[in-house]
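Engineer: Sharing a structure below in structure tokens format, with a few things to ask.
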Amino acid sequence: MRKRNKRQVFEHVEVLDAGAKGKTIGKAPDGRVIFLTNTVPGDIVDVQTTKKRKAYFEGIATNFHSLSDKRVAPQCQHFGVCGGCKWQHMGYEHQLRYKQKEVINNLTRIGHLDLPEASPILGAKNQYFYRNKMEFSFSDSRWLTLDEINSDQQIKDKNALGFHIPGMWDKILDIEKCHLQRDPSNAIRREIRDFSINNNLSFFNPRNQSGLLRTLMIRTSSNGELMVLLQFFKNDIEKINLLLNHVIKVFPEITSLQYVVNQKKNDTIYDQEVICHSGRDHIIEEMEGLQFKINAKSFYQTNAEQAYELYKITRDFAGLTGTEIVYDLYTGTGTIAQFVSKKAKKVVGIEAVPEAIADAKTNAMANGVKNVDFFAGDMKKILNQDFITANGVPDVIITDPPRDGMHQDVVKQILTISPKRIVYVSCNTATQARDLALMKDDYVVEKIQPVDMFPQTHHVENVVLLEKRQA
């Protein structure tokens with residue numbers, strides 16, 4: 001061990017495991033954990049620490065003595081600089097194993113739950129080009145490589161259209177090819193970037209709050225429909241039309257071409273007017289004969305193929321026979337509610353976002369699904385005794401909360417309702433474990449099914465079936 005500028009260097013550290021948030025784990029000579037960002041379990045490395053805490057270090061590998069047999073060559077040229085797809089350098093079978101391990105560790109260590117044997121994680125058929133929604137940012141001061149910084153040449157091409165550098169809100173990495181969304185996503189992004197540069201359309205500067213071009217969103221559907229939405233900082237209609245007319249001319253297959261003029265300090269469009277330039281204001285996603293209208297502000301699972309598998313597992317865990325009342329909490333645009341409705345007597349969906357509920361009602365009407373009702377409201381307030389009396393006591397509750405999990409008051413109300421069965425779908429098994437711990441005196445965990453929605457990342461989805469304990 002050597003000390004250097006108050007930071008420390010540890011030599012010949014074995015990378016032992018994968019940890020939370022895509023980091024890997026080694027051990028310092030004193031036994032403290034080292035969280036690493038650029039290694040794979042099985043590597044032997046020298047580590048330069050970047051942070052020191054009482055119980056652990058954070059660091060990066062600066063020298064590799066030997067490489068893990070779990071390593072593979074990353075497909076993306078931007079790997080290691082771009083903040084996404086942090087596990088591209090790890091074989092997919094090993095990614096799945098570590099995700100499965102994280103699910104069980106969280107449920108046992110955080111939830112202190114008695115668990116049945118979990119089903120093997122359901123891997124994704126497509127490990128690249130699986131996302132149906134991507135968002136990119138414009139910048140007039142792109143992230144420069146070390147070679148560019150050290151070069152004597154003057155850098156002229158400073159515009160970028162791509163992703164934020166991790167931890168740097170004002171730095172954008174210009175992306176040539178992204179492996180997350182299928183064509184023509186890359187072609188559209190590159191054409192918009194090149195045309196804008198050639199026609200002197202100014203790229204956004206978040207520090208100065210200046211420039212015309214702000215963000216680009218591309219959405220695709222499994223049936224080939226395509227939405228493109230550009231966000232502008234200035235309402236320069238001449239330049240806006242110049243770009244949009246060019247885009248629809250080069251890509252006539254675009255189903256929906258829309259734009260937003262947003263002069264706020266943040267990029268969110270949920271409080272902004274979306275203007276349709278060409279085509280219609282939505283695209284259609286299909287699943288088992290159901291059609292879901294998706295507009296620019298809609299939430300829909302970003303991996304549609306794996307979402308179908310996730311929903312089938314959820315429906316199977318619910319064990320419906322056609323006689324049950326089902327509550328679908330955090331229903332979003334009502335996709336799960338409609339998906340399970342064929343096998344239920346009645347489904348009640350609840351969601352906090354009014355626009356999502358409006359979409360849910362529209363989709364249900366278009367699909368001819370008549371045994372679903374949707375309600376907008378704060379979950380911990382709307383799910384009260386009056387609501388239960390009006391809509392019926394649920395036999396099954398399906399809950400798919402955001403990453404923060406369920407509010408403690410919602411958990412208490414579920415326990416008061418006391419349904420026979422609860423299906424808990426989660427994108428964060430740490431908060432899922434916390435919530436399940438609050439229910440373990442009343443419910444037993446019967447089934448566990450992890451699902452990989454996001455290959456090449458550390459993220460994992462998990463479905464848990466809870467059955468009411470016998471008195």
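Identifiers in the structure tokens: chain A, B, ... in order shown; residue index from 1 per chain; ligand index from 1 in order shown.
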Tell me, as a count of residues only, which residues lie within 8 Å of A:Lys133, counting only C-alpha atoms; anything in the same chain fewer than 4 positions away does not count.

Structural biologist: 6

Engineer: Considering only C-alpha atoms, tabulate each residue of stretch 216-263 of chain A that lies at most 12 Å from stretch 290-296 of chain A along with its nearest interatomic pair and the corresponding distance in Å to one decimal; arrange the rows by chain and ascending residue number and present them as a tab-separated table.

Structural biologist:
```
residue	atom	partner	partner_atom	distance
A:Leu216	CA	A:Ala296	CA	11.5
A:Met217	CA	A:Ala296	CA	8.7
A:Ile218	CA	A:Ala296	CA	9.6
A:Arg219	CA	A:Ala296	CA	8.6
A:Thr220	CA	A:Ile294	CA	10.0
A:Ser221	CA	A:Ile294	CA	9.2
A:Ser222	CA	A:Gln291	CA	11.1
A:Asn223	CA	A:Gln291	CA	10.6
A:Glu225	CA	A:Ile294	CA	10.6
A:Leu226	CA	A:Ile294	CA	10.7
A:Met227	CA	A:Ala296	CA	8.0
A:Val228	CA	A:Ala296	CA	8.8
A:Leu229	CA	A:Ala296	CA	7.4
A:Leu230	CA	A:Ala296	CA	10.5
A:Gln231	CA	A:Ala296	CA	11.4
A:Thr255	CA	A:Asn295	CA	11.5
A:Ser256	CA	A:Asn295	CA	9.1
A:Leu257	CA	A:Ala296	CA	10.0
A:Gln258	CA	A:Ala296	CA	8.2
A:Tyr259	CA	A:Ala296	CA	9.4
A:Val260	CA	A:Ala296	CA	10.1
```

Engineer: Generate a file of the selected residues that holds N, CA and C atoms, formatted as a PDB file, in the first residue's frame.

Structural biologist:
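again_38.pdb, freshly written:
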```
ATOM      1  N   LEU A 216     -33.962  15.650 -27.484  1.00  0.00           N
ATOM      2  CA  LEU A 216     -34.595  14.803 -28.502  1.00  0.00           C
ATOM      3  C   LEU A 216     -35.099  13.542 -27.836  1.00  0.00           C
ATOM      4  N   MET A 217     -36.340  13.174 -28.078  1.00  0.00           N
ATOM      5  CA  MET A 217     -36.898  11.913 -27.603  1.00  0.00           C
ATOM      6  C   MET A 217     -37.344  11.091 -28.803  1.00  0.00           C
ATOM      7  N   ILE A 218     -36.994   9.812 -28.810  1.00  0.00           N
ATOM      8  CA  ILE A 218     -37.426   8.887 -29.855  1.00  0.00           C
ATOM      9  C   ILE A 218     -38.122   7.712 -29.191  1.00  0.00           C
ATOM     10  N   ARG A 219     -39.361   7.432 -29.611  1.00  0.00           N
ATOM     11  CA  ARG A 219     -40.112   6.290 -29.107  1.00  0.00           C
ATOM     12  C   ARG A 219     -40.457   5.382 -30.278  1.00  0.00           C
ATOM     13  N   THR A 220     -40.361   4.078 -30.042  1.00  0.00           N
ATOM     14  CA  THR A 220     -40.738   3.090 -31.051  1.00  0.00           C
ATOM     15  C   THR A 220     -41.770   2.148 -30.439  1.00  0.00           C
ATOM     16  N   SER A 221     -42.506   1.447 -31.291  1.00  0.00           N
ATOM     17  CA  SER A 221     -43.436   0.427 -30.804  1.00  0.00           C
ATOM     18  C   SER A 221     -43.125  -0.892 -31.480  1.00  0.00           C
ATOM     19  N   SER A 222     -43.627  -1.969 -30.891  1.00  0.00           N
ATOM     20  CA  SER A 222     -43.327  -3.306 -31.406  1.00  0.00           C
ATOM     21  C   SER A 222     -43.925  -3.546 -32.784  1.00  0.00           C
ATOM     22  N   ASN A 223     -44.910  -2.736 -33.172  1.00  0.00           N
ATOM     23  CA  ASN A 223     -45.514  -2.895 -34.505  1.00  0.00           C
ATOM     24  C   ASN A 223     -44.946  -1.898 -35.518  1.00  0.00           C
ATOM     25  N   GLU A 225     -44.283   1.465 -35.277  1.00  0.00           N
ATOM     26  CA  GLU A 225     -44.596   2.896 -35.250  1.00  0.00           C
ATOM     27  C   GLU A 225     -43.483   3.672 -34.554  1.00  0.00           C
ATOM     28  N   LEU A 226     -43.403   4.962 -34.854  1.00  0.00           N
ATOM     29  CA  LEU A 226     -42.244   5.761 -34.476  1.00  0.00           C
ATOM     30  C   LEU A 226     -42.672   7.173 -34.100  1.00  0.00           C
ATOM     31  N   MET A 227     -42.223   7.627 -32.921  1.00  0.00           N
ATOM     32  CA  MET A 227     -42.481   8.997 -32.469  1.00  0.00           C
ATOM     33  C   MET A 227     -41.152   9.716 -32.267  1.00  0.00           C
ATOM     34  N   VAL A 228     -41.076  10.940 -32.772  1.00  0.00           N
ATOM     35  CA  VAL A 228     -39.917  11.803 -32.558  1.00  0.00           C
ATOM     36  C   VAL A 228     -40.408  13.118 -31.974  1.00  0.00           C
ATOM     37  N   LEU A 229     -39.809  13.515 -30.864  1.00  0.00           N
ATOM     38  CA  LEU A 229     -40.171  14.782 -30.222  1.00  0.00           C
ATOM     39  C   LEU A 229     -38.911  15.589 -29.962  1.00  0.00           C
ATOM     40  N   LEU A 230     -38.888  16.799 -30.490  1.00  0.00           N
ATOM     41  CA  LEU A 230     -37.774  17.718 -30.264  1.00  0.00           C
ATOM     42  C   LEU A 230     -38.213  18.814 -29.304  1.00  0.00           C
ATOM     43  N   GLN A 231     -37.318  19.138 -28.386  1.00  0.00           N
ATOM     44  CA  GLN A 231     -37.587  20.195 -27.428  1.00  0.00           C
ATOM     45  C   GLN A 231     -36.673  21.384 -27.745  1.00  0.00           C
ATOM     46  N   THR A 255     -44.268   8.160 -37.551  1.00  0.00           N
ATOM     47  CA  THR A 255     -45.712   8.175 -37.306  1.00  0.00           C
ATOM     48  C   THR A 255     -46.151   9.476 -36.654  1.00  0.00           C
ATOM     49  N   SER A 256     -45.322   9.980 -35.747  1.00  0.00           N
ATOM     50  CA  SER A 256     -45.673  11.159 -34.956  1.00  0.00           C
ATOM     51  C   SER A 256     -44.435  12.035 -34.792  1.00  0.00           C
ATOM     52  N   LEU A 257     -44.474  13.246 -35.352  1.00  0.00           N
ATOM     53  CA  LEU A 257     -43.382  14.213 -35.201  1.00  0.00           C
ATOM     54  C   LEU A 257     -43.917  15.409 -34.433  1.00  0.00           C
ATOM     55  N   GLN A 258     -43.373  15.632 -33.243  1.00  0.00           N
ATOM     56  CA  GLN A 258     -43.902  16.653 -32.349  1.00  0.00           C
ATOM     57  C   GLN A 258     -42.771  17.516 -31.792  1.00  0.00           C
ATOM     58  N   TYR A 259     -43.169  18.644 -31.188  1.00  0.00           N
ATOM     59  CA  TYR A 259     -42.154  19.486 -30.561  1.00  0.00           C
ATOM     60  C   TYR A 259     -42.732  20.244 -29.376  1.00  0.00           C
ATOM     61  N   VAL A 260     -41.809  20.726 -28.559  1.00  0.00           N
ATOM     62  CA  VAL A 260     -42.134  21.499 -27.367  1.00  0.00           C
ATOM     63  C   VAL A 260     -41.208  22.708 -27.342  1.00  0.00           C
TER      64      VAL A 260
END
```

Engineer: Could you give me, as a list in words, each residue of stretch 73-166 of chain A that DSSP assigns to strand (DSSP E) when run on this structure's backbone?

Structural biologist: Lys133, Met134, Glu135, Phe136, Ser137, Phe138, Ser139, Ala160, Leu161, Gly162, Phe163 and His164 of chain A

Engineer: Work out how far apart atom CA of A:Lys70 and atom CA of A:Ile313 are and give it in Å to one decimal.

Structural biologist: 29.7 Å

Engineer: Pull the alpha helix (DSSP H) assignments for stretch 109-314 of chain A out of DSSP run on the backbone, and list those residues as a PyMOL selection string.

Structural biologist: chain A and resi 109+146-150+185-198+237-250+304-314

Engineer: Find the spatial neighbours of A:Lys345, counting only C-alpha atoms, within a cut-off of 12 Å - ignore same-chain residues fewer than 5 positions away - and output them as a list in words.

Structural biologist: Leu320, Thr321, Gly322, Thr323, Glu324, Ile325, Val326, Tyr327, Ala337, Gln338, Val340, Val369, Lys370, Asn371, Val372, Asp373, Gly392, Pro394, Asp395 and Val396 of chain A

Engineer: Please report the interatomic distance between atom CA of A:Leu36 and atom CA of A:Phe10 in Å with one decimal.

Structural biologist: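 Separation of atom CA of A:Leu36 and atom CA of A:Phe10: 12.2 Å.
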
Engineer: If I take atom CA of A:Val15 and atom CA of A:Phe64, how far is one from the other in Å, to one decimal?

Structural biologist: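 Atom CA of A:Phe64 lies 10.9 Å from atom CA of A:Val15.
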
Engineer: How close does stretch 323-425 of chain A get to stretch 437-441 of chain A? List, as CSV, each residue of stretch 323-425 of chain A within 12 Å, its nearest atom pair and the distance in Å to one decimal, counting only C-alpha atoms.

Structural biologist:
```
residue,atom,partner,partner_atom,distance
A:Met406,CA,A:Leu438,CA,10.8
A:His407,CA,A:Leu438,CA,11.2
A:Gln408,CA,A:Leu438,CA,8.5
A:Asp409,CA,A:Leu438,CA,10.9
A:Val410,CA,A:Leu438,CA,11.0
A:Val411,CA,A:Leu438,CA,7.4
A:Lys412,CA,A:Leu438,CA,8.4
A:Gln413,CA,A:Met439,CA,11.0
A:Ile414,CA,A:Met439,CA,9.0
A:Leu415,CA,A:Met439,CA,7.2
A:Thr416,CA,A:Met439,CA,10.8
A:Ser418,CA,A:Met439,CA,10.3
A:Pro419,CA,A:Met439,CA,11.9
A:Arg421,CA,A:Met439,CA,11.9
A:Ile422,CA,A:Met439,CA,10.3
A:Tyr424,CA,A:Met439,CA,11.6
```

Engineer: Keeping only C-alpha atoms, write those residues as a short mmCIF file (atom, residue, chain, number, x, y, z; two decimals), in the first residue's frame.

Structural biologist:
```cif
data_model
loop_
_atom_site.label_atom_id
_atom_site.label_comp_id
_atom_site.auth_asym_id
_atom_site.auth_seq_id
_atom_site.Cartn_x
_atom_site.Cartn_y
_atom_site.Cartn_z
CA MET A 406 -45.01 2.08 -1.03
CA HIS A 407 -45.75 4.67 1.62
CA GLN A 408 -46.06 3.16 5.08
CA ASP A 409 -49.69 4.28 5.26
CA VAL A 410 -50.47 2.37 2.05
CA VAL A 411 -48.91 -0.78 3.50
CA LYS A 412 -51.03 -0.36 6.65
CA GLN A 413 -54.17 0.04 4.58
CA ILE A 414 -53.38 -3.10 2.54
CA LEU A 415 -53.01 -5.01 5.80
CA THR A 416 -56.37 -3.63 6.96
CA SER A 418 -56.42 -8.12 4.13
CA PRO A 419 -56.76 -9.57 0.60
CA ARG A 421 -53.27 -12.63 -2.25
CA ILE A 422 -50.82 -9.79 -3.02
CA TYR A 424 -45.80 -7.11 -5.57
#
```

Engineer: For A:Gln272, which residue out of A:Phe232, A:Arg142, A:Ala364, A:Ile248 is the nearest one, using only C-alpha atoms?

Structural biologist: A:Phe232

Engineer: Rank A:Gln432, A:Ser196, A:Asn132, A:Gln48 by their smallest atom-to-atom distance to A:Ala307, using only C-alpha atoms, and report the top residue only.

Structural biologist: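 With only C-alpha atoms as the atom set, the closest residue is A:Asn132.
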